[in-house]
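Source file: input.txt. Holds: compact mmCIF, C-alpha atoms and all ligand atoms.
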# COMPACT_ATOMS: atom_id res chain seq x y z
CA MET C 274 -152.28 205.55 47.92
CA ARG C 275 -151.84 203.55 51.12
CA LEU C 276 -148.98 201.07 51.35
CA ILE C 277 -147.36 198.86 53.96
CA PHE C 278 -143.67 197.97 53.71
CA LEU C 279 -143.38 194.60 55.41
CA GLY C 280 -140.05 192.90 55.93
CA PRO C 281 -137.43 191.92 58.46
CA PRO C 282 -135.23 194.44 60.27
CA GLY C 283 -132.46 195.56 57.94
CA ALA C 284 -134.34 194.75 54.73
CA GLY C 285 -134.09 198.37 53.54
CA LYS C 286 -137.66 199.47 54.34
CA GLY C 287 -136.65 202.84 55.79
CA THR C 288 -134.16 203.56 53.00
CA GLN C 289 -136.73 202.79 50.31
CA ALA C 290 -139.75 204.31 52.11
CA ALA C 291 -138.03 207.71 52.13
CA ARG C 292 -137.53 207.53 48.33
CA VAL C 293 -140.88 206.00 47.45
CA ALA C 294 -142.74 208.50 49.68
CA GLU C 295 -140.95 211.35 47.91
CA HIS C 296 -141.76 209.85 44.49
CA TYR C 297 -145.51 209.53 45.09
CA LYS C 298 -145.80 212.43 47.57
CA LEU C 299 -146.94 210.18 50.43
CA SER C 300 -146.35 210.48 54.16
CA HIS C 301 -143.70 208.12 55.51
CA ILE C 302 -144.89 206.80 58.86
CA ALA C 303 -142.10 204.91 60.64
CA THR C 304 -143.01 203.79 64.14
CA GLY C 305 -139.37 202.98 65.02
CA ASP C 306 -138.39 206.58 64.16
CA MET C 307 -141.30 207.89 66.23
CA LEU C 308 -140.27 205.82 69.24
CA ARG C 309 -136.61 206.88 68.92
CA ARG C 310 -137.74 210.52 68.74
CA ALA C 311 -139.87 210.04 71.88
CA LEU C 312 -136.81 208.60 73.60
CA GLU C 313 -134.62 211.52 72.49
CA LEU C 314 -137.20 213.91 73.94
CA ARG C 315 -137.36 211.77 77.08
CA THR C 316 -141.16 211.62 76.99
CA GLU C 317 -143.00 209.12 79.17
CA LEU C 318 -143.67 206.99 76.06
CA GLY C 319 -139.98 207.06 75.08
CA LEU C 320 -138.79 206.08 78.53
CA LYS C 321 -141.29 203.24 78.79
CA ALA C 322 -140.36 201.97 75.30
CA LYS C 323 -136.58 202.13 75.89
CA PRO C 324 -135.94 198.77 77.60
CA PHE C 325 -137.94 196.88 74.95
CA MET C 326 -136.17 198.62 72.06
CA GLU C 327 -132.73 198.04 73.56
CA LYS C 328 -133.38 194.30 73.83
CA GLY C 329 -134.88 194.09 70.33
CA GLN C 330 -138.34 193.19 71.58
CA LEU C 331 -141.62 194.70 70.44
CA VAL C 332 -142.77 197.68 72.45
CA PRO C 333 -146.15 196.68 74.02
CA ASP C 334 -149.26 197.42 71.96
CA GLU C 335 -150.71 199.62 74.71
CA LEU C 336 -147.87 202.06 73.96
CA THR C 337 -147.48 201.70 70.18
CA ILE C 338 -151.16 201.61 69.20
CA PRO C 339 -152.23 204.99 70.67
CA MET C 340 -149.06 206.57 69.22
CA PHE C 341 -149.89 205.14 65.79
CA VAL C 342 -153.59 206.09 65.90
CA GLU C 343 -152.68 209.68 66.70
CA ARG C 344 -150.12 209.83 63.89
CA ILE C 345 -152.38 208.36 61.19
CA GLY C 346 -155.07 210.87 62.14
CA GLU C 347 -152.80 213.81 61.35
CA GLN C 348 -153.57 215.96 58.34
CA ASP C 349 -150.59 214.98 56.18
CA ALA C 350 -151.50 211.27 56.40
CA GLN C 351 -154.81 211.94 54.65
CA LYS C 352 -153.08 212.28 51.27
CA GLY C 353 -151.80 208.69 51.53
CA PHE C 354 -148.96 206.98 53.36
CA ILE C 355 -146.31 204.30 53.58
CA LEU C 356 -146.31 202.39 56.86
CA ASP C 357 -142.77 201.31 57.77
CA GLY C 358 -142.56 199.16 60.91
CA PHE C 359 -146.30 198.98 61.56
CA PRO C 360 -148.15 196.63 61.85
CA ARG C 361 -145.74 194.19 63.45
CA ASN C 362 -148.22 191.65 64.84
CA VAL C 363 -151.76 190.48 64.11
CA GLU C 364 -153.30 192.66 66.84
CA GLN C 365 -151.78 195.77 65.25
CA ALA C 366 -153.00 194.67 61.80
CA GLU C 367 -156.54 194.23 63.13
CA LEU C 368 -156.39 197.66 64.75
CA LEU C 369 -155.22 199.13 61.44
CA ASP C 370 -158.26 197.58 59.72
CA GLN C 371 -160.55 199.30 62.22
CA VAL C 372 -158.84 202.67 61.82
CA LEU C 373 -159.00 202.43 58.02
CA ASP C 374 -162.70 201.49 58.20
CA GLU C 375 -163.35 204.57 60.31
CA MET C 376 -161.46 206.69 57.78
CA GLY C 377 -163.44 205.09 54.94
CA ALA C 378 -160.06 204.14 53.44
CA GLN C 379 -158.44 200.98 52.10
CA LEU C 380 -154.94 199.62 51.75
CA ASP C 381 -153.64 199.41 48.18
CA LYS C 382 -150.70 197.04 48.58
CA VAL C 383 -148.44 195.36 51.10
CA LEU C 384 -144.90 195.12 49.73
CA LYS C 385 -142.98 192.22 51.22
CA PHE C 386 -139.20 192.80 51.21
CA MET C 387 -137.39 189.51 50.60
CA VAL C 388 -133.80 189.30 51.92
CA LEU C 389 -131.82 186.34 53.28
CA GLY C 390 -130.90 186.25 56.98
CA ILE C 391 -127.14 186.43 56.44
CA GLU C 392 -127.50 189.62 54.38
CA LEU C 393 -129.72 191.15 57.10
CA VAL C 394 -127.06 190.66 59.76
CA ALA C 395 -124.44 192.28 57.47
CA ARG C 396 -126.76 195.22 56.72
CA LEU C 397 -127.70 195.81 60.37
CA SER C 398 -124.23 195.49 61.83
CA GLY C 399 -122.83 198.02 59.33
CA ARG C 400 -125.74 200.46 59.58
CA ARG C 401 -124.95 204.03 60.61
CA PHE C 402 -127.33 207.00 60.81
CA CYS C 403 -127.18 210.75 61.03
CA PRO C 404 -128.46 211.95 64.42
CA VAL C 405 -129.52 215.27 62.85
CA CYS C 406 -131.39 214.42 59.61
CA LYS C 407 -131.80 210.64 60.29
CA SER C 408 -130.35 209.63 56.89
CA VAL C 409 -129.28 206.00 56.86
CA TYR C 410 -125.88 204.76 55.61
CA HIS C 411 -123.90 201.55 55.60
CA LEU C 412 -120.16 201.30 56.29
CA VAL C 413 -119.59 199.28 53.10
CA LYS C 414 -122.83 199.06 51.12
CA GLN C 415 -123.91 202.72 51.26
CA PRO C 416 -120.95 204.68 52.61
CA PRO C 417 -121.07 208.45 52.99
CA LYS C 418 -118.74 210.53 50.77
CA ILE C 419 -116.54 211.38 53.79
CA GLU C 420 -116.10 208.43 56.12
CA GLY C 421 -118.05 208.86 59.36
CA PHE C 422 -119.93 212.04 58.38
CA CYS C 423 -123.36 212.72 56.90
CA ASP C 424 -123.40 213.83 53.23
CA LYS C 425 -126.29 216.22 53.89
CA ASP C 426 -125.28 218.11 57.02
CA GLY C 427 -121.78 216.93 57.97
CA ALA C 428 -122.87 215.54 61.38
CA ALA C 429 -120.87 212.63 62.83
CA LEU C 430 -122.68 209.37 62.06
CA GLU C 431 -123.82 207.09 64.89
CA GLN C 432 -124.75 203.45 65.38
CA ARG C 433 -128.16 202.50 66.73
CA PRO C 434 -127.86 200.94 70.20
CA ASP C 435 -130.03 198.02 69.05
CA ASP C 436 -127.72 197.23 66.11
CA ASN C 437 -125.56 194.97 68.28
CA GLU C 438 -125.34 191.21 67.76
CA GLU C 439 -127.61 190.21 70.64
CA ALA C 440 -130.42 192.64 69.82
CA ILE C 441 -130.16 191.87 66.08
CA LEU C 442 -130.68 188.15 66.73
CA GLU C 443 -133.61 188.89 69.05
CA ARG C 444 -135.24 191.18 66.47
CA LEU C 445 -134.95 188.51 63.77
CA GLU C 446 -136.48 185.98 66.14
CA VAL C 447 -139.35 188.32 67.09
CA TYR C 448 -139.93 189.05 63.40
CA GLY C 449 -140.31 185.33 62.68
CA GLU C 450 -142.66 184.75 65.57
CA LYS C 451 -144.84 187.88 65.62
CA THR C 452 -144.61 189.60 62.24
CA LYS C 453 -144.43 186.73 59.73
CA PRO C 454 -148.07 185.70 60.42
CA LEU C 455 -148.97 188.95 58.63
CA PHE C 456 -147.92 187.36 55.31
CA ASP C 457 -151.00 185.11 55.44
CA PHE C 458 -153.14 187.90 56.88
CA TYR C 459 -152.51 190.11 53.82
CA ALA C 460 -152.01 187.38 51.19
CA GLY C 461 -155.52 186.15 52.03
CA ARG C 462 -156.86 189.51 50.88
CA GLY C 463 -154.79 189.59 47.71
CA LEU C 464 -152.73 192.57 48.93
CA LEU C 465 -149.30 190.96 49.39
CA VAL C 466 -146.68 191.53 46.68
CA ASP C 467 -143.22 189.93 46.98
CA VAL C 468 -140.29 192.18 46.13
CA ASP C 469 -136.73 190.91 45.80
CA ALA C 470 -134.84 193.34 48.06
CA ILE C 471 -131.33 192.09 47.20
CA GLY C 472 -129.42 194.35 44.84
CA SER C 473 -128.41 198.00 44.82
CA THR C 474 -130.78 200.55 46.36
CA ASP C 475 -131.50 201.88 42.85
CA VAL C 476 -132.40 198.43 41.55
CA VAL C 477 -134.67 197.70 44.55
CA PHE C 478 -136.30 201.13 44.15
CA GLY C 479 -137.08 200.31 40.51
CA ARG C 480 -138.59 196.95 41.50
CA LEU C 481 -140.76 198.65 44.12
CA LEU C 482 -142.09 201.22 41.65
CA SER C 483 -143.00 198.51 39.14
CA ALA C 484 -144.66 196.41 41.87
CA ILE C 485 -146.66 199.44 43.05
CA ASP C 486 -147.69 200.60 39.56
CA ARG C 487 -148.54 197.10 38.31
P1 LIG T 1 -134.97 198.68 57.70
O1 LIG T 1 -135.65 200.03 57.75
O2 LIG T 1 -135.74 197.65 56.93
O3 LIG T 1 -134.55 198.18 59.06
P2 LIG T 1 -132.74 200.19 56.53
O4 LIG T 1 -133.38 200.95 55.41
O5 LIG T 1 -132.38 200.95 57.76
O6 LIG T 1 -133.62 198.87 56.89
O7 LIG T 1 -131.43 199.48 55.94
C1 LIG T 1 -130.60 198.65 56.76
C2 LIG T 1 -129.14 198.81 56.33
O8 LIG T 1 -128.97 198.26 55.02
C3 LIG T 1 -128.66 200.27 56.23
O9 LIG T 1 -127.31 200.33 56.66
C4 LIG T 1 -128.77 200.59 54.74
O10 LIG T 1 -127.80 201.56 54.37
C5 LIG T 1 -128.48 199.24 54.11
N1 LIG T 1 -129.22 199.01 52.85
C6 LIG T 1 -130.46 199.45 52.51
N2 LIG T 1 -130.80 199.02 51.28
C7 LIG T 1 -129.74 198.27 50.84
C8 LIG T 1 -129.46 197.54 49.62
N3 LIG T 1 -130.35 197.49 48.62
N4 LIG T 1 -128.28 196.91 49.53
C9 LIG T 1 -127.38 196.96 50.54
N5 LIG T 1 -127.57 197.62 51.70
C10 LIG T 1 -128.73 198.27 51.85
P1 LIG T 2 -137.32 199.85 63.58
O1 LIG T 2 -136.80 201.25 63.51
O2 LIG T 2 -138.51 199.62 62.71
O3 LIG T 2 -136.21 198.83 63.37
O4 LIG T 2 -137.85 199.66 65.08
C1 LIG T 2 -136.97 199.75 66.18
C2 LIG T 2 -137.63 199.18 67.42
O5 LIG T 2 -138.78 199.98 67.78
C3 LIG T 2 -138.17 197.75 67.30
O6 LIG T 2 -137.16 196.77 67.51
C4 LIG T 2 -139.23 197.75 68.41
O7 LIG T 2 -138.64 197.63 69.69
C5 LIG T 2 -139.81 199.15 68.30
N1 LIG T 2 -140.97 199.21 67.38
C6 LIG T 2 -141.06 199.89 66.21
N2 LIG T 2 -142.27 199.74 65.65
C7 LIG T 2 -142.99 198.95 66.50
C8 LIG T 2 -144.29 198.39 66.47
N3 LIG T 2 -145.13 198.61 65.43
N4 LIG T 2 -144.68 197.61 67.50
C9 LIG T 2 -143.85 197.37 68.53
N5 LIG T 2 -142.61 197.83 68.61
C10 LIG T 2 -142.16 198.61 67.61
Taking this structure as input, can you express it in the form of structure tokens?
Amino acid sequence: MRLIFLGPPGAGKGTQAARVAEHYKLSHIATGDMLRRALELRTELGLKAKPFMEKGQLVPDELTIPMFVERIGEQDAQKGFILDGFPRNVEQAELLDQVLDEMGAQLDKVLKFMVLGIELVARLSGRRFCPVCKSVYHLVKQPPKIEGFCDKDGAALEQRPDDNEEAILERLEVYGEKTKPLFDFYAGRGLLVDVDAIGSTDVVFGRLLSAIDR
């Protein structure tokens, strides 16, 4: 199965992609995670991407596209995948079409996460993550068992540098301008399925499974 999780920053794509990927035994391909990892390792890609990520802008296609093409060609992606954070503009969606054609593969569904703007700002500003295992928490909505520390490995939780007010507003703006045109792109092919992403993570997970299995 090949799925895209499409939705604004903070909609819960990463949280749900981890669970849905586990459920169907798919690879979870998250371009934001890949770029952050490149930055941690201080690779040339990571260092070039850094200023764009910090400001909340899209990293240029000449950097993201080769990274994505390499990742989707890896062995584990052949069993099926969830794309989380890619494509983010029409050029990336067209590239994905080409890559899938070459693989002789097709997309099954594009799940559109529907969340209101005010909720997104609350989710993003309270987001915390574990620097070791990358688990995602929220100060209020998904708190860890011990405040400030990861449930899985006890590491001190951190805040993403782009989860500040200025970068959040920029990311929402960029989403509206560059990513929203993908609704029509995929709706035109009958692939787009709306999913109400407001509610507990368990409730949203249940909605996703029924939308996928329908
Ligand atoms: P995205 O990958 O779409 O940017 P995340 O999965 O990182 O979003 O979630 C953003 C924030 O919202 C995180 O702090 C996460 O804990 C929280 N979150 C995720 N799903 C829900 C939900 N259903 N209700 C409330 N908060 C949520
Ligand atoms: P995310 O983890 O999905 O919120 O992505 C974090 C940041 O990484 C984004 O704000 C962009 O700067 C960058 N990024 C992630 N995926 C892409 C992509 N497909 N195209 C361009 N930039 C991306």
Non-local contacts of Arg444 (chain C) (8 Å; only C-alpha atoms; under 2 positions in same chain excluded) as a list in words:
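Skipping anything fewer than 2 positions along the chain leaves Pro282, Gly329, Gln330, Ala440, Ile441, Leu442, Glu446, Val447 and Tyr448 of chain C.
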Taking only C-alpha atoms and all ligand atoms into account, which residues have an atom no farther than 8 Å from ligand LIG 1 (chain T)? I'd like them as an mmCIF file with C-alpha atoms, in the coordinates of the input.
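Dumped everything to out.cif:
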data_model
loop_
_atom_site.group_PDB
_atom_site.id
_atom_site.type_symbol
_atom_site.label_atom_id
_atom_site.label_comp_id
_atom_site.auth_asym_id
_atom_site.auth_seq_id
_atom_site.Cartn_x
_atom_site.Cartn_y
_atom_site.Cartn_z
ATOM 1 C CA GLY C 280 -140.050 192.900 55.930
ATOM 2 C CA PRO C 281 -137.430 191.920 58.460
ATOM 3 C CA PRO C 282 -135.230 194.440 60.270
ATOM 4 C CA GLY C 283 -132.460 195.560 57.940
ATOM 5 C CA ALA C 284 -134.340 194.750 54.730
ATOM 6 C CA GLY C 285 -134.090 198.370 53.540
ATOM 7 C CA LYS C 286 -137.660 199.470 54.340
ATOM 8 C CA GLY C 287 -136.650 202.840 55.790
ATOM 9 C CA THR C 288 -134.160 203.560 53.000
ATOM 10 C CA GLN C 289 -136.730 202.790 50.310
ATOM 11 C CA ALA C 290 -139.750 204.310 52.110
ATOM 12 C CA ASP C 357 -142.770 201.310 57.770
ATOM 13 C CA GLY C 358 -142.560 199.160 60.910
ATOM 14 C CA LEU C 393 -129.720 191.150 57.100
ATOM 15 C CA ALA C 395 -124.440 192.280 57.470
ATOM 16 C CA ARG C 396 -126.760 195.220 56.720
ATOM 17 C CA LEU C 397 -127.700 195.810 60.370
ATOM 18 C CA SER C 398 -124.230 195.490 61.830
ATOM 19 C CA GLY C 399 -122.830 198.020 59.330
ATOM 20 C CA ARG C 400 -125.740 200.460 59.580
ATOM 21 C CA ARG C 401 -124.950 204.030 60.610
ATOM 22 C CA PHE C 402 -127.330 207.000 60.810
ATOM 23 C CA VAL C 409 -129.280 206.000 56.860
ATOM 24 C CA TYR C 410 -125.880 204.760 55.610
ATOM 25 C CA HIS C 411 -123.900 201.550 55.600
ATOM 26 C CA LEU C 412 -120.160 201.300 56.290
ATOM 27 C CA LYS C 414 -122.830 199.060 51.120
ATOM 28 C CA GLN C 415 -123.910 202.720 51.260
ATOM 29 C CA PRO C 416 -120.950 204.680 52.610
ATOM 30 C CA ALA C 470 -134.840 193.340 48.060
ATOM 31 C CA ILE C 471 -131.330 192.090 47.200
ATOM 32 C CA GLY C 472 -129.420 194.350 44.840
ATOM 33 C CA SER C 473 -128.410 198.000 44.820
ATOM 34 C CA THR C 474 -130.780 200.550 46.360
ATOM 35 C CA ASP C 475 -131.500 201.880 42.850
ATOM 36 C CA VAL C 476 -132.400 198.430 41.550
ATOM 37 C CA VAL C 477 -134.670 197.700 44.550
#
Leaving out Gly346 (chain C) and any residue of its chain fewer than 5 positions from it, which residues lie within 12 Å of it when counting only C-alpha atoms, given as a PyMOL selection string?
chain C and resi 300+302+339-341+351-354+369+372-373+375-376
Taking every listed atom of ligand LIG 2 (chain T) and adding 4 Å to each side, what centre and edge lengths in Å (one decimal) does the axis-aligned box have, as lines of an AutoDock Vina configuration file?
center_x = -140.7
center_y = 199.0
center_z = 66.2
size_x = 16.9
size_y = 12.5
size_z = 15.0
Between CA of Thr316 (chain C) and atom O5 of ligand LIG 2 (chain T), what is the distance, to one decimal in Å?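 Between CA of Thr316 (chain C) and atom O5 of ligand LIG 2 (chain T) the gap is 15.0 Å.
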Can you tell me which residues sit at most 7 Å away from ligand LIG 2 (chain T), counting only C-alpha atoms and all ligand atoms, written as a list of chain:residue names?
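Residues satisfying the distance criterion: C:Pro282, C:Ala303, C:Thr304, C:Gly305, C:Asp306, C:Leu308, C:Phe325, C:Met326, C:Gly329, C:Gln330, C:Leu331, C:Val332, C:Pro333, C:Asp334, C:Thr337, C:Asp357, C:Gly358, C:Phe359, C:Pro360, C:Arg361, C:Arg444.
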Any chance you can output those residues with C-alpha atoms as a PDB file, keeping the file's coordinate frame?
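Generated file (again-v7.pdb):
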ATOM      1  CA  PRO C 282    -135.230 194.440  60.270  1.00  0.00           C
ATOM      2  CA  ALA C 303    -142.100 204.910  60.640  1.00  0.00           C
ATOM      3  CA  THR C 304    -143.010 203.790  64.140  1.00  0.00           C
ATOM      4  CA  GLY C 305    -139.370 202.980  65.020  1.00  0.00           C
ATOM      5  CA  ASP C 306    -138.390 206.580  64.160  1.00  0.00           C
ATOM      6  CA  LEU C 308    -140.270 205.820  69.240  1.00  0.00           C
ATOM      7  CA  PHE C 325    -137.940 196.880  74.950  1.00  0.00           C
ATOM      8  CA  MET C 326    -136.170 198.620  72.060  1.00  0.00           C
ATOM      9  CA  GLY C 329    -134.880 194.090  70.330  1.00  0.00           C
ATOM     10  CA  GLN C 330    -138.340 193.190  71.580  1.00  0.00           C
ATOM     11  CA  LEU C 331    -141.620 194.700  70.440  1.00  0.00           C
ATOM     12  CA  VAL C 332    -142.770 197.680  72.450  1.00  0.00           C
ATOM     13  CA  PRO C 333    -146.150 196.680  74.020  1.00  0.00           C
ATOM     14  CA  ASP C 334    -149.260 197.420  71.960  1.00  0.00           C
ATOM     15  CA  THR C 337    -147.480 201.700  70.180  1.00  0.00           C
ATOM     16  CA  ASP C 357    -142.770 201.310  57.770  1.00  0.00           C
ATOM     17  CA  GLY C 358    -142.560 199.160  60.910  1.00  0.00           C
ATOM     18  CA  PHE C 359    -146.300 198.980  61.560  1.00  0.00           C
ATOM     19  CA  PRO C 360    -148.150 196.630  61.850  1.00  0.00           C
ATOM     20  CA  ARG C 361    -145.740 194.190  63.450  1.00  0.00           C
ATOM     21  CA  ARG C 444    -135.240 191.180  66.470  1.00  0.00           C
TER      22      ARG C 444
END
Counting all atoms listed in the file, closest pick from C:Ala484, C:Val388, C:Ala366, C:Leu380 relative to Leu464 (chain C) is C:Leu380
Between C:Lys321, C:Ala350, C:Ile345, C:Leu356, which has the minimum distance to Leu384 (chain C) (counting all atoms listed in the file)?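 Under the stated criterion, the closest residue is C:Leu356.
Using only C-alpha atoms, the nearest neighbour of Asp469 (chain C) within the list C:Met307, C:Arg292, C:Glu343, C:Lys385 is C:Lys385.
For the pair CA of Glu295 (chain C) and CA of Asp435 (chain C), the interatomic distance is 27.3 Å.
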re CA of Phe422 (chain C) and CA of Asp436 (chain C): distance 18.4 Å
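Proximity ranking of C:Leu299, C:Ile485, C:Ala428, C:Met274 relative to Asp349 (chain C) places C:Leu299 first, based on all atoms listed in the file.
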Select all residues near (-124.9, 217.0, 59.7) (cut-off 10 Å, inclusive, file coordinates), counting all atoms listed in the file, and output them as a ChimeraX atom specification. /C:403-408,422-430
* Using only C-alpha atoms, which of the listed residues (C:Val466, C:Ala294, C:Ala322, C:Leu482) sits closest to Phe386 (chain C)? ->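 Using only C-alpha atoms, the shortest distance to Phe386 (chain C) belongs to C:Val466.
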Sel. within 7 Å of pt (-150.9, 185.5, 65.1), counting all atoms listed in the file, output as a PyMOL selection string = chain C and resi 362-363+451+454
